[in-house]
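This is query-v2.txt (compact mmCIF, C-alpha atoms).
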# COMPACT_ATOMS: atom_id res chain seq x y z
CA MET F 256 -135.70 153.81 -142.43
CA LYS F 257 -132.78 156.29 -142.43
CA GLN F 258 -130.37 153.37 -142.54
CA LEU F 259 -132.16 151.88 -145.54
CA THR F 260 -132.04 155.21 -147.38
CA LEU F 261 -128.27 155.34 -146.85
CA LYS F 262 -127.93 151.81 -148.19
CA LYS F 263 -130.12 152.77 -151.16
CA ILE F 264 -127.78 155.68 -151.95
CA THR F 265 -124.76 153.33 -151.72
CA ILE F 266 -126.37 150.90 -154.15
CA TRP F 267 -127.38 153.73 -156.48
CA LEU F 268 -123.78 155.01 -156.45
CA MET F 269 -122.39 151.56 -157.25
CA LEU F 270 -124.81 151.08 -160.14
CA THR F 271 -123.88 154.55 -161.45
CA ILE F 272 -120.17 153.71 -161.34
CA ASN F 273 -120.95 150.47 -163.15
CA LEU F 274 -122.76 152.38 -165.91
CA LEU F 275 -119.82 154.79 -166.16
CA PHE F 276 -117.49 151.81 -166.60
CA ALA F 277 -119.64 150.61 -169.49
CA PHE F 278 -119.55 154.13 -170.99
CA VAL F 279 -115.73 154.34 -170.69
CA ILE F 280 -115.36 150.90 -172.31
CA GLY F 281 -117.61 151.98 -175.20
CA LEU F 282 -115.59 155.16 -175.56
CA THR F 283 -112.25 153.31 -175.51
CA ILE F 284 -113.02 150.59 -178.11
CA PRO F 285 -112.92 152.85 -181.25
CA LEU F 286 -109.66 154.44 -180.03
CA LEU F 287 -107.79 151.13 -179.90
CA GLU F 288 -105.38 150.11 -182.68
CA SER F 289 -104.96 146.39 -181.90
CA GLU F 290 -106.29 143.79 -184.36
CA ASN F 291 -109.06 142.42 -182.13
CA PHE F 292 -109.88 145.68 -180.34
CA TYR F 293 -113.60 144.81 -179.98
CA ASN F 294 -112.70 141.95 -177.60
CA LEU F 295 -112.34 144.54 -174.84
CA GLY F 296 -116.13 144.87 -174.93
CA PHE F 297 -116.77 141.14 -175.30
CA ILE F 298 -114.78 140.48 -172.12
CA MET F 299 -115.57 143.50 -169.95
CA ILE F 300 -119.33 143.88 -170.58
CA PRO F 301 -120.23 140.34 -169.33
CA LEU F 302 -118.12 141.05 -166.24
CA LEU F 303 -120.06 144.28 -165.68
CA ILE F 304 -123.37 142.39 -166.10
CA ILE F 305 -122.26 139.92 -163.40
CA LEU F 306 -121.22 142.85 -161.20
CA ASN F 307 -124.63 144.43 -161.75
CA TYR F 308 -126.31 141.26 -160.52
CA ILE F 309 -124.04 141.15 -157.44
CA ILE F 310 -124.92 144.78 -156.58
CA VAL F 311 -128.67 144.05 -156.90
CA ASP F 312 -128.19 140.93 -154.76
CA ARG F 313 -126.47 143.11 -152.15
CA PHE F 314 -129.49 145.41 -152.05
CA HIS F 315 -131.67 142.36 -151.47
CA TYR F 316 -129.35 141.42 -148.56
CA TYR F 317 -129.67 144.94 -147.05
CA LEU F 318 -133.47 144.84 -147.39
CA LYS F 319 -133.68 141.44 -145.73
CA HIS F 320 -131.53 142.53 -142.80
CA THR F 321 -133.25 145.88 -142.28
CA LYS F 322 -136.59 144.07 -142.28
CA ARG F 323 -135.27 141.49 -139.80
CA SER F 324 -133.90 144.16 -137.41
CA GLY F 325 -137.25 146.02 -137.66
CA GLU F 326 -139.06 142.83 -136.69
CA ASP F 327 -136.68 142.39 -133.73
CA LEU F 328 -137.49 145.92 -132.53
CA ASP F 329 -141.25 145.26 -132.82
CA ALA F 330 -140.83 142.08 -130.79
CA LYS F 331 -138.97 143.97 -128.04
CA THR F 332 -141.58 146.74 -127.76
CA MET E 197 -108.60 107.13 -151.61
CA GLN E 198 -109.17 105.15 -148.41
CA LYS E 199 -107.57 107.93 -146.39
CA LEU E 200 -109.96 110.44 -148.00
CA LYS E 201 -112.91 108.23 -147.02
CA GLN E 202 -111.57 108.05 -143.46
CA LEU E 203 -111.21 111.85 -143.39
CA SER E 204 -114.79 112.36 -144.58
CA LYS E 205 -116.06 110.07 -141.78
CA ILE E 206 -114.52 111.99 -138.86
CA LYS E 207 -116.56 114.59 -137.01
CA LYS E 208 -115.96 117.97 -138.67
CA PRO E 209 -114.08 120.50 -136.56
CA ILE E 210 -115.58 123.99 -136.18
CA ILE E 211 -113.30 127.02 -136.21
CA GLU E 212 -114.69 130.19 -134.63
CA PHE E 213 -113.29 133.52 -135.80
CA ALA E 214 -114.74 137.02 -135.23
CA ASP E 215 -118.03 135.60 -133.89
CA LYS E 216 -118.52 133.46 -136.98
CA LYS E 217 -118.34 129.71 -137.43
CA TYR E 218 -116.28 128.10 -140.16
CA ILE E 219 -116.98 124.52 -141.25
CA PHE E 220 -115.73 123.34 -144.64
CA SER E 221 -116.49 120.28 -146.71
CA LEU E 222 -113.58 118.13 -147.77
CA ARG E 223 -114.67 118.53 -151.40
CA SER E 224 -114.43 122.34 -151.25
CA ILE E 225 -110.90 122.17 -149.80
CA ILE E 226 -109.77 119.76 -152.54
CA LEU E 227 -111.40 122.05 -155.10
CA LEU E 228 -109.36 124.99 -153.77
CA ALA E 229 -106.11 123.01 -154.00
CA ILE E 230 -106.77 121.84 -157.57
CA GLY E 231 -109.07 124.50 -159.01
CA ALA E 232 -107.13 127.62 -157.96
CA PRO E 233 -103.83 126.86 -159.79
CA ILE E 234 -105.59 125.40 -162.86
CA SER E 235 -108.00 128.33 -163.22
CA ALA E 236 -105.18 130.85 -162.63
CA TYR E 237 -103.18 129.20 -165.42
CA LEU E 238 -106.18 129.08 -167.78
CA ILE E 239 -107.06 132.76 -167.20
CA TYR E 240 -103.42 133.66 -167.89
CA ILE E 241 -103.39 131.59 -171.10
CA PHE E 242 -106.60 133.33 -172.17
CA PHE E 243 -105.07 136.78 -171.72
CA ASP E 244 -101.86 135.66 -173.45
CA TRP E 245 -103.92 134.82 -176.54
CA ARG E 246 -103.42 137.12 -179.51
CA ILE E 247 -107.10 138.17 -179.52
CA ASN E 248 -106.52 139.80 -176.12
CA TYR E 249 -103.62 142.06 -177.06
CA TRP E 250 -105.95 145.02 -176.55
CA LEU E 251 -104.87 144.66 -172.90
CA HIS E 252 -101.22 145.24 -173.92
CA GLU E 253 -102.27 148.35 -175.83
CA ILE E 254 -104.22 149.82 -172.91
CA VAL E 255 -101.37 149.21 -170.42
CA VAL E 256 -98.69 150.55 -172.79
CA LYS E 257 -100.69 153.67 -173.66
CA GLN E 258 -101.55 154.45 -170.04
CA THR E 259 -97.90 154.01 -169.02
CA VAL E 260 -96.73 156.27 -171.84
CA TYR E 261 -99.31 158.91 -170.84
CA PHE E 262 -98.02 158.98 -167.25
CA LEU E 263 -94.35 158.87 -168.37
CA ASN E 264 -94.89 162.01 -170.42
CA LEU E 265 -97.00 163.63 -167.70
CA PHE E 266 -94.56 163.07 -164.81
CA PHE E 267 -91.15 162.96 -166.53
CA ASN E 268 -91.80 164.91 -169.75
CA MET E 269 -90.04 162.12 -171.64
CA ASN E 270 -91.65 162.22 -175.08
CA ALA E 271 -92.08 158.45 -174.90
CA GLU E 272 -94.35 156.77 -177.46
CA ALA E 273 -96.43 153.60 -177.66
CA GLU E 274 -95.51 151.88 -180.94
CA PHE E 275 -97.59 149.26 -182.73
CA ALA E 276 -94.93 146.88 -184.15
CA PRO E 277 -96.55 143.53 -184.97
CA SER E 278 -93.43 141.76 -186.27
CA GLY E 279 -92.63 139.28 -183.48
CA ILE E 280 -94.76 137.39 -180.95
CA TYR E 281 -96.01 140.57 -179.31
CA ASP E 282 -97.38 143.71 -180.94
CA TRP E 283 -96.49 146.63 -178.71
CA ARG E 284 -93.34 148.40 -177.56
CA PHE E 285 -92.21 151.52 -175.73
CA SER E 286 -90.20 153.99 -177.77
CA ILE E 287 -87.87 155.92 -175.43
CA PRO E 288 -85.93 158.91 -176.85
CA GLY E 289 -82.18 158.22 -176.99
CA GLN E 290 -82.57 154.55 -175.96
CA SER E 291 -83.42 151.33 -177.76
CA PRO E 292 -87.14 150.37 -177.60
CA ILE E 293 -88.57 148.09 -174.91
CA TYR E 294 -90.84 145.29 -176.13
CA PHE E 295 -94.00 144.64 -174.14
CA GLU E 296 -95.24 141.13 -173.32
CA THR E 297 -98.19 139.67 -171.39
CA PHE E 298 -96.14 139.30 -168.19
CA CYS E 299 -95.59 143.09 -168.20
CA THR E 300 -99.33 143.68 -167.74
CA GLY E 301 -99.24 142.16 -164.24
CA ILE E 302 -102.12 139.88 -165.27
CA GLN E 303 -100.30 136.82 -163.82
CA ALA E 304 -100.63 138.20 -160.25
CA ILE E 305 -104.29 139.08 -160.86
CA CYS E 306 -104.91 135.55 -162.23
CA ILE E 307 -103.35 133.86 -159.19
CA PHE E 308 -105.49 135.87 -156.78
CA ALA E 309 -108.59 135.48 -158.95
CA GLY E 310 -108.09 131.68 -158.87
CA ILE E 311 -107.68 131.70 -155.10
CA ILE E 312 -110.63 134.04 -154.49
CA ILE E 313 -113.00 132.12 -156.80
CA PHE E 314 -112.13 128.72 -155.32
CA THR E 315 -111.91 129.77 -151.66
CA PRO E 316 -114.32 127.41 -149.87
CA HIS E 317 -117.58 128.70 -148.40
CA SER E 318 -118.37 127.88 -144.79
CA GLN E 319 -121.26 125.44 -144.31
CA ASP E 320 -122.64 127.72 -141.58
CA PRO E 321 -125.52 129.64 -143.25
CA ASN E 322 -124.86 132.91 -141.35
CA THR E 323 -121.18 132.94 -142.34
CA LYS E 324 -121.71 132.20 -146.01
CA GLU E 325 -124.67 134.56 -146.42
CA ASP E 326 -122.69 137.44 -147.98
CA ILE E 327 -119.71 135.48 -149.32
CA VAL E 328 -120.33 136.45 -152.98
CA TRP E 329 -120.24 140.14 -152.08
CA ARG E 330 -117.08 139.74 -149.99
CA LYS E 331 -115.38 137.74 -152.75
CA THR E 332 -116.31 140.35 -155.36
CA LYS E 333 -114.89 143.13 -153.20
CA ALA E 334 -111.65 141.19 -152.67
CA LEU E 335 -111.37 140.43 -156.39
CA ILE E 336 -111.95 144.03 -157.53
CA VAL E 337 -109.69 145.64 -154.90
CA SER E 338 -106.82 143.16 -155.41
CA SER E 339 -107.00 143.49 -159.21
CA VAL E 340 -107.02 147.31 -159.06
CA ILE E 341 -104.07 147.38 -156.62
CA PHE E 342 -102.03 144.99 -158.79
CA TYR E 343 -102.84 146.99 -161.93
CA VAL E 344 -101.88 150.34 -160.38
CA VAL E 345 -98.73 148.99 -158.72
CA ASN E 346 -97.68 147.44 -162.03
CA ILE E 347 -98.03 150.79 -163.85
CA ILE E 348 -96.03 152.53 -161.08
CA ARG E 349 -93.34 149.80 -161.38
CA MET E 350 -93.05 150.43 -165.14
CA LEU E 351 -92.90 154.22 -164.63
CA ILE E 352 -89.97 153.83 -162.21
CA GLN E 353 -88.13 151.31 -164.42
CA ILE E 354 -88.54 153.23 -167.66
CA ASP E 355 -87.53 156.53 -166.06
CA LEU E 356 -84.35 154.89 -164.68
CA TYR E 357 -83.69 153.39 -168.13
CA TYR E 358 -84.23 156.81 -169.70
CA ILE E 359 -81.65 158.48 -167.43
CA GLY E 360 -79.04 155.82 -168.29
CA TYR E 361 -79.33 152.71 -166.11
CA ALA E 362 -78.84 149.34 -167.86
CA TRP E 363 -82.19 147.59 -168.44
CA GLU E 364 -80.84 144.25 -167.06
CA ASP E 365 -79.92 145.95 -163.77
CA ILE E 366 -83.30 147.51 -163.07
CA HIS E 367 -85.77 145.15 -164.72
CA PHE E 368 -85.67 142.04 -162.49
CA SER E 369 -84.77 143.76 -159.21
CA ILE E 370 -87.65 146.26 -159.28
CA SER E 371 -90.10 143.66 -160.61
CA ALA E 372 -89.20 141.31 -157.73
CA ALA E 373 -89.46 144.14 -155.18
CA SER E 374 -92.90 145.18 -156.44
CA SER E 375 -94.18 141.61 -156.07
CA PHE E 376 -94.06 142.13 -152.28
CA ILE E 377 -97.36 143.93 -152.76
CA ALA E 378 -98.85 140.42 -152.83
CA ALA E 379 -98.33 140.25 -149.05
CA ILE E 380 -100.53 143.34 -148.62
CA ILE E 381 -103.17 141.77 -150.85
CA VAL E 382 -103.16 138.59 -148.70
CA LEU E 383 -103.76 140.75 -145.60
CA LEU E 384 -106.56 142.65 -147.36
CA MET E 385 -108.03 139.38 -148.56
CA HIS E 386 -108.05 138.08 -144.98
CA ARG E 387 -110.14 141.10 -144.01
CA TRP E 388 -112.86 140.24 -146.53
CA ILE E 389 -112.50 136.52 -147.02
CA PRO E 390 -110.94 135.00 -143.89
CA GLU E 391 -112.18 131.68 -145.33
CA PHE E 392 -108.92 131.34 -147.30
CA ILE E 393 -106.49 131.35 -144.33
CA ILE E 394 -109.00 129.51 -142.12
CA SER E 395 -109.44 126.78 -144.74
CA ILE E 396 -105.66 126.17 -144.63
CA ILE E 397 -105.78 125.90 -140.82
CA TYR E 398 -108.88 123.71 -141.19
CA THR E 399 -106.98 121.34 -143.50
CA GLY E 400 -104.27 120.99 -140.85
CA THR E 401 -106.95 120.20 -138.25
CA LEU E 402 -108.59 117.65 -140.55
CA VAL E 403 -105.26 115.89 -141.11
CA SER E 404 -104.27 115.88 -137.42
CA GLU E 405 -107.69 114.74 -136.11
CA PRO E 406 -107.35 111.01 -137.07
CA LEU E 407 -103.88 110.97 -135.43
CA LYS E 408 -105.35 112.42 -132.22
CA GLN E 409 -108.16 109.87 -132.25
CA LYS E 410 -105.68 107.04 -132.79
CA ARG E 411 -103.58 108.26 -129.84
CA ARG E 412 -106.62 108.47 -127.56
CA LYS E 413 -107.73 104.99 -128.56
CA LYS E 414 -104.25 103.63 -127.79
CA VAL E 415 -104.32 105.23 -124.30
CA LYS E 416 -107.88 103.95 -123.73
CA ASP E 417 -106.86 100.35 -124.58
CA MET E 418 -103.83 100.58 -122.32
CA VAL E 419 -105.86 101.94 -119.40
CA GLU E 420 -108.51 99.25 -119.83
CA LYS E 421 -105.87 96.51 -119.76
CA THR E 422 -103.28 97.79 -117.28
CA ASN E 423 -104.81 100.80 -115.45
CA ARG E 424 -101.95 103.00 -116.62
CA ALA E 425 -101.15 105.42 -119.45
CA ASP E 426 -97.78 106.58 -120.73
CA LEU E 427 -96.91 110.19 -119.91
CA HIS E 428 -95.66 110.98 -123.41
CA SER E 429 -99.09 110.30 -124.98
CA MET E 430 -100.88 112.04 -122.08
CA ARG E 431 -98.73 115.15 -122.57
CA LYS E 432 -99.83 115.33 -126.20
CA ILE E 433 -103.49 114.66 -125.36
CA LEU E 434 -103.48 117.37 -122.66
CA ARG E 435 -101.46 119.73 -124.88
CA MET E 436 -98.82 120.40 -122.23
CA GLU E 437 -95.49 122.15 -122.88
CA LYS E 438 -92.56 119.75 -123.32
CA LYS E 439 -90.34 121.69 -120.91
CA THR E 440 -92.78 121.98 -118.01
CA TYR E 441 -95.04 119.00 -118.49
CA LEU E 442 -93.69 117.01 -115.52
CA GLN E 443 -94.71 119.71 -113.03
CA ASP E 444 -97.98 120.41 -114.88
CA MET E 445 -98.81 116.71 -115.09
CA SER E 446 -98.07 116.23 -111.39
CA ALA E 447 -100.48 119.04 -110.42
CA TRP E 448 -103.09 117.82 -112.90
CA SER E 449 -102.92 114.18 -111.71
CA LYS E 450 -103.37 115.27 -108.05
CA ASP E 451 -106.56 117.15 -109.05
CA TYR E 452 -108.01 113.98 -110.54
CA GLY E 453 -106.63 111.57 -107.92
CA TYR E 454 -104.13 109.78 -110.20
CA LYS E 455 -100.49 108.91 -109.45
CA ILE E 456 -97.28 109.17 -111.48
CA GLU E 457 -94.82 106.27 -111.36
CA GLY E 458 -91.78 106.56 -113.64
CA ASP E 459 -93.00 107.19 -117.19
CA TYR E 460 -96.56 106.15 -116.44
CA LEU E 461 -99.73 107.65 -115.07
CA ILE E 462 -101.44 105.21 -112.70
CA ILE E 463 -105.23 105.34 -112.57
CA PRO E 464 -106.99 103.68 -109.59
CA SER E 465 -109.28 100.91 -110.83
CA GLU E 466 -112.44 102.64 -109.51
CA LYS E 467 -111.59 105.72 -111.61
CA THR E 468 -110.77 104.05 -114.95
CA SER E 469 -114.27 104.29 -116.42
CA ARG E 470 -114.46 108.03 -115.61
CA PHE E 471 -110.92 108.49 -117.00
CA ILE E 472 -111.94 106.88 -120.29
CA GLU E 473 -115.12 108.97 -120.39
CA LEU E 474 -113.13 112.20 -119.96
CA LEU E 475 -110.44 111.01 -122.39
CA MET E 476 -112.95 110.39 -125.18
CA LEU E 477 -114.60 113.86 -124.92
CA ASP E 478 -114.22 116.24 -127.87
CA LYS E 479 -111.85 118.28 -125.69
CA PRO E 480 -110.31 115.63 -123.38
CA PHE E 481 -110.47 116.47 -119.65
CA LYS E 482 -111.67 120.00 -120.48
CA GLU E 483 -115.40 119.60 -120.04
CA GLY E 484 -115.63 118.48 -116.40
CA LYS E 485 -114.03 116.60 -113.56
Just give me the structure of the file as structure tokens.
Amino acid sequence: MKQLTLKKITIWLMLTINLLFAFVIGLTIPLLESENFYNLGFIMIPLLIILNYIIVDRFHYYLKHTKRSGEDLDAKT
Amino acid sequence: MQKLKQLSKIKKPIIEFADKKYIFSLRSIILLAIGAPISAYLIYIFFDWRINYWLHEIVVKQTVYFLNLFFNMNAEAEFAPSGIYDWRFSIPGQSPIYFETFCTGIQAICIFAGIIIFTPHSQDPNTKEDIVWRKTKALIVSSVIFYVVNIIRMLIQIDLYYIGYAWEDIHFSISAASSFIAAIIVLLMHRWIPEFIISIIYTGTLVSEPLKQKRRKKVKDMVEKTNRADLHSMRKILRMEKKTYLQDMSAWSKDYGYKIEGDYLIIPSEKTSRFIELLMLDKPFKEGK
């Protein structure tokens, strides 16, 4: 259980960093002087959405493995 | 095309590394060879497009910020959309330096992105279980390292230019030196996605396997007809060192009850069927006597 909590915190941290990235991108766009400055958002936000999915998928992986190791322990006892 | 069909028919080798099994499909290896360079080129072309010059602006402005922070240079990022590219560095007392897509370091990121995306996945379910996560980590870390190293490279070059060095003298030499960082990235990549290096080794194994099979078949036919096999082929089948193979072969043949006469290994007729059986094993003569 303790292990899962640690993993949960890791995932929470990664999602937070991802949100901060989105915030920084939003903050940067109006400061740019290039002609197509809004393209920064059009390119980076989809990448962040994909990253978000990968982080959630990682949490699913952690859950699956913690559950499996718990089942192994039950089988041994 | 026929050779490819032959390759796909042979039994797939399995490479074991760090307690994991690596088996690749021929299609995924071909995809890596073709897809990685094409996708790297396409990503580069995309970022070289005028609509993506925001990347130039970000890199130029960040470099200027650090130039003024570390060297108190009073450098400026200038928007000068007269030529092909829009941005340039304005250095006090020196002529301006124009900024192009190559200066962003995106080409190195593109090459590694192409390789990472098209690196084949192992067909072993346990090995490929977390491949997307490992690939993402490799992609993010390599891109960040390239980006940071590229900014540091520009800081060094522009500071040297500011204090009086000729731009031609420092530009190419320092750029070439900084590209050695790619070696570090390959090592890091091997930590997270060993599939890339292993797939190269795997390709070598796939190519050499039909040759090995052909050699074994040749020895088998010879033994069936004449009860003897040539030592040169046997040395290759048994993977013996060229320098010491005569002594090694002599000891090995005594173990199995064979004889050596000139350049040939003589197999007694009652032992030929067992010889052929051991010869045709996946690892010849390794799995039992």
- Message: As an exercise, work out the distance from CA of Phe298 (chain E) to CA of Asp244 (chain E) in Å and give it to one decimal place.
- Response: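 Going from CA of Phe298 (chain E) over to CA of Asp244 (chain E), I get 8.6 Å.
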- Interatomic distance between CA of Leu335 (chain E) and CA of Tyr294 (chain E)?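 Answer for the CA of Leu335 (chain E) to CA of Tyr294 (chain E) separation: 28.9 Å.
You will find CA of Tyr398 (chain E) at 16.7 Å from CA of Asp215 (chain E).
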- Message: For a quick test of understanding: name the residues of chain F lying within 6 Å of chain E when counting all atoms listed in the file, and present them as a list in words.
- Response: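 Selected residues: Ser289, Asn291 and Phe292 of chain F.
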- Task: Please provide the set of residues having any atom within 8 Å of region 259-264 of chain F, restricted to all atoms listed in the file, with same-chain residues fewer than 3 positions apart removed, written as a ChimeraX atom specification.
- Result: /F:256,267-268,314,317-318,321
- Query: With all atoms listed in the file as the atoms that count, which of E:Ile230, E:Met418, E:Ile359, E:Ile327 lies nearest to Pro390 (chain E)?
  - Reply: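 The answer is E:Ile327, which sits nearest to Pro390 (chain E).
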- Could you name the residues that touch region 297-310 of chain F at 7 Å or less, counting all atoms listed in the file, but leaving out those on the same chain fewer than 4 positions away, as number ranges by chain? F: 266, 270, 273, 277, 293, 314; E: 329
Identify, on the basis of all atoms listed in the file, every residue whose closest approach to Phe481 (chain E) does not exceed 10 Å; exclude the query and any residue fewer than 3 positions from it along the same chain; express the result as a PDB file with C-alpha atoms, keeping the file's coordinate frame.
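The resulting file, selection.pdb, is shown below:
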ATOM      1  CA  ILE E 433    -103.490 114.660-125.360  1.00  0.00           C
ATOM      2  CA  LEU E 434    -103.480 117.370-122.660  1.00  0.00           C
ATOM      3  CA  TYR E 452    -108.010 113.980-110.540  1.00  0.00           C
ATOM      4  CA  PHE E 471    -110.920 108.490-117.000  1.00  0.00           C
ATOM      5  CA  ILE E 472    -111.940 106.880-120.290  1.00  0.00           C
ATOM      6  CA  GLU E 473    -115.120 108.970-120.390  1.00  0.00           C
ATOM      7  CA  LEU E 474    -113.130 112.200-119.960  1.00  0.00           C
ATOM      8  CA  LEU E 475    -110.440 111.010-122.390  1.00  0.00           C
ATOM      9  CA  MET E 476    -112.950 110.390-125.180  1.00  0.00           C
ATOM     10  CA  LEU E 477    -114.600 113.860-124.920  1.00  0.00           C
ATOM     11  CA  ASP E 478    -114.220 116.240-127.870  1.00  0.00           C
ATOM     12  CA  GLY E 484    -115.630 118.480-116.400  1.00  0.00           C
ATOM     13  CA  LYS E 485    -114.030 116.600-113.560  1.00  0.00           C
TER      14      LYS E 485
END
- Compare F:Ile284, F:Leu295, F:Lys257, F:Met269 by their minimum atom-to-atom distance to Arg313 (chain F), counting all atoms listed in the file, and give me the closest one. F:Met269
- Option closest in space to Tyr454 (chain E), from E:Ile313, E:Ile226, E:Ala425, E:Leu263 [counting only C-alpha atoms]: E:Ala425
Missing atoms in region 231-256 of chain E: can you complete it with N, CA and C atoms, as a PDB file, in the frame of the given file?
ATOM      1  N   GLY E 231    -108.427 123.512-158.138  1.00  0.00           N
ATOM      2  CA  GLY E 231    -109.070 124.500-159.010  1.00  0.00           C
ATOM      3  C   GLY E 231    -108.337 125.825-159.089  1.00  0.00           C
ATOM      4  N   ALA E 232    -107.773 126.300-157.954  1.00  0.00           N
ATOM      5  CA  ALA E 232    -107.130 127.620-157.960  1.00  0.00           C
ATOM      6  C   ALA E 232    -105.935 127.683-158.924  1.00  0.00           C
ATOM      7  N   PRO E 233    -104.965 126.755-158.831  1.00  0.00           N
ATOM      8  CA  PRO E 233    -103.830 126.860-159.790  1.00  0.00           C
ATOM      9  C   PRO E 233    -104.250 126.638-161.237  1.00  0.00           C
ATOM     10  N   ILE E 234    -105.182 125.679-161.468  1.00  0.00           N
ATOM     11  CA  ILE E 234    -105.590 125.400-162.860  1.00  0.00           C
ATOM     12  C   ILE E 234    -106.317 126.614-163.446  1.00  0.00           C
ATOM     13  N   SER E 235    -107.255 127.187-162.672  1.00  0.00           N
ATOM     14  CA  SER E 235    -108.000 128.330-163.220  1.00  0.00           C
ATOM     15  C   SER E 235    -107.085 129.532-163.418  1.00  0.00           C
ATOM     16  N   ALA E 236    -106.118 129.732-162.483  1.00  0.00           N
ATOM     17  CA  ALA E 236    -105.180 130.850-162.630  1.00  0.00           C
ATOM     18  C   ALA E 236    -104.392 130.693-163.940  1.00  0.00           C
ATOM     19  N   TYR E 237    -103.941 129.461-164.201  1.00  0.00           N
ATOM     20  CA  TYR E 237    -103.180 129.200-165.420  1.00  0.00           C
ATOM     21  C   TYR E 237    -104.036 129.422-166.672  1.00  0.00           C
ATOM     22  N   LEU E 238    -105.291 128.940-166.618  1.00  0.00           N
ATOM     23  CA  LEU E 238    -106.180 129.080-167.780  1.00  0.00           C
ATOM     24  C   LEU E 238    -106.513 130.546-168.069  1.00  0.00           C
ATOM     25  N   ILE E 239    -106.746 131.324-167.004  1.00  0.00           N
ATOM     26  CA  ILE E 239    -107.060 132.760-167.200  1.00  0.00           C
ATOM     27  C   ILE E 239    -105.836 133.443-167.838  1.00  0.00           C
ATOM     28  N   TYR E 240    -104.636 133.052-167.336  1.00  0.00           N
ATOM     29  CA  TYR E 240    -103.420 133.660-167.890  1.00  0.00           C
ATOM     30  C   TYR E 240    -103.271 133.317-169.383  1.00  0.00           C
ATOM     31  N   ILE E 241    -103.488 132.038-169.701  1.00  0.00           N
ATOM     32  CA  ILE E 241    -103.390 131.590-171.100  1.00  0.00           C
ATOM     33  C   ILE E 241    -104.378 132.382-171.977  1.00  0.00           C
ATOM     34  N   PHE E 242    -105.574 132.591-171.423  1.00  0.00           N
ATOM     35  CA  PHE E 242    -106.600 133.330-172.170  1.00  0.00           C
ATOM     36  C   PHE E 242    -106.123 134.756-172.493  1.00  0.00           C
ATOM     37  N   PHE E 243    -105.521 135.406-171.480  1.00  0.00           N
ATOM     38  CA  PHE E 243    -105.070 136.780-171.720  1.00  0.00           C
ATOM     39  C   PHE E 243    -103.763 136.844-172.523  1.00  0.00           C
ATOM     40  N   ASP E 244    -103.079 135.706-172.647  1.00  0.00           N
ATOM     41  CA  ASP E 244    -101.860 135.660-173.450  1.00  0.00           C
ATOM     42  C   ASP E 244    -102.186 135.392-174.929  1.00  0.00           C
ATOM     43  N   TRP E 245    -103.422 135.108-175.186  1.00  0.00           N
ATOM     44  CA  TRP E 245    -103.920 134.820-176.540  1.00  0.00           C
ATOM     45  C   TRP E 245    -103.869 136.098-177.376  1.00  0.00           C
ATOM     46  N   ARG E 246    -103.570 135.944-178.645  1.00  0.00           N
ATOM     47  CA  ARG E 246    -103.420 137.120-179.510  1.00  0.00           C
ATOM     48  C   ARG E 246    -104.684 138.005-179.557  1.00  0.00           C
ATOM     49  N   ILE E 247    -105.846 137.381-179.439  1.00  0.00           N
ATOM     50  CA  ILE E 247    -107.100 138.170-179.520  1.00  0.00           C
ATOM     51  C   ILE E 247    -107.248 139.118-178.325  1.00  0.00           C
ATOM     52  N   ASN E 248    -106.413 138.927-177.299  1.00  0.00           N
ATOM     53  CA  ASN E 248    -106.520 139.800-176.120  1.00  0.00           C
ATOM     54  C   ASN E 248    -105.361 140.785-176.000  1.00  0.00           C
ATOM     55  N   TYR E 249    -104.722 141.107-177.118  1.00  0.00           N
ATOM     56  CA  TYR E 249    -103.620 142.060-177.060  1.00  0.00           C
ATOM     57  C   TYR E 249    -104.096 143.502-176.866  1.00  0.00           C
ATOM     58  N   TRP E 250    -105.411 143.697-176.878  1.00  0.00           N
ATOM     59  CA  TRP E 250    -105.950 145.020-176.550  1.00  0.00           C
ATOM     60  C   TRP E 250    -105.512 145.421-175.139  1.00  0.00           C
ATOM     61  N   LEU E 251    -105.317 144.392-174.270  1.00  0.00           N
ATOM     62  CA  LEU E 251    -104.870 144.660-172.900  1.00  0.00           C
ATOM     63  C   LEU E 251    -103.457 145.255-172.911  1.00  0.00           C
ATOM     64  N   HIS E 252    -102.582 144.704-173.790  1.00  0.00           N
ATOM     65  CA  HIS E 252    -101.220 145.240-173.920  1.00  0.00           C
ATOM     66  C   HIS E 252    -101.304 146.721-174.308  1.00  0.00           C
ATOM     67  N   GLU E 253    -102.162 146.976-175.294  1.00  0.00           N
ATOM     68  CA  GLU E 253    -102.270 148.350-175.830  1.00  0.00           C
ATOM     69  C   GLU E 253    -102.699 149.325-174.734  1.00  0.00           C
ATOM     70  N   ILE E 254    -103.719 148.928-173.961  1.00  0.00           N
ATOM     71  CA  ILE E 254    -104.220 149.820-172.910  1.00  0.00           C
ATOM     72  C   ILE E 254    -103.122 150.095-171.878  1.00  0.00           C
ATOM     73  N   VAL E 255    -102.420 149.042-171.455  1.00  0.00           N
ATOM     74  CA  VAL E 255    -101.370 149.210-170.420  1.00  0.00           C
ATOM     75  C   VAL E 255    -100.232 150.064-170.974  1.00  0.00           C
ATOM     76  N   VAL E 256     -99.802 149.786-172.201  1.00  0.00           N
ATOM     77  CA  VAL E 256     -98.690 150.550-172.790  1.00  0.00           C
ATOM     78  C   VAL E 256     -99.077 152.026-172.931  1.00  0.00           C
TER      79      VAL E 256
END
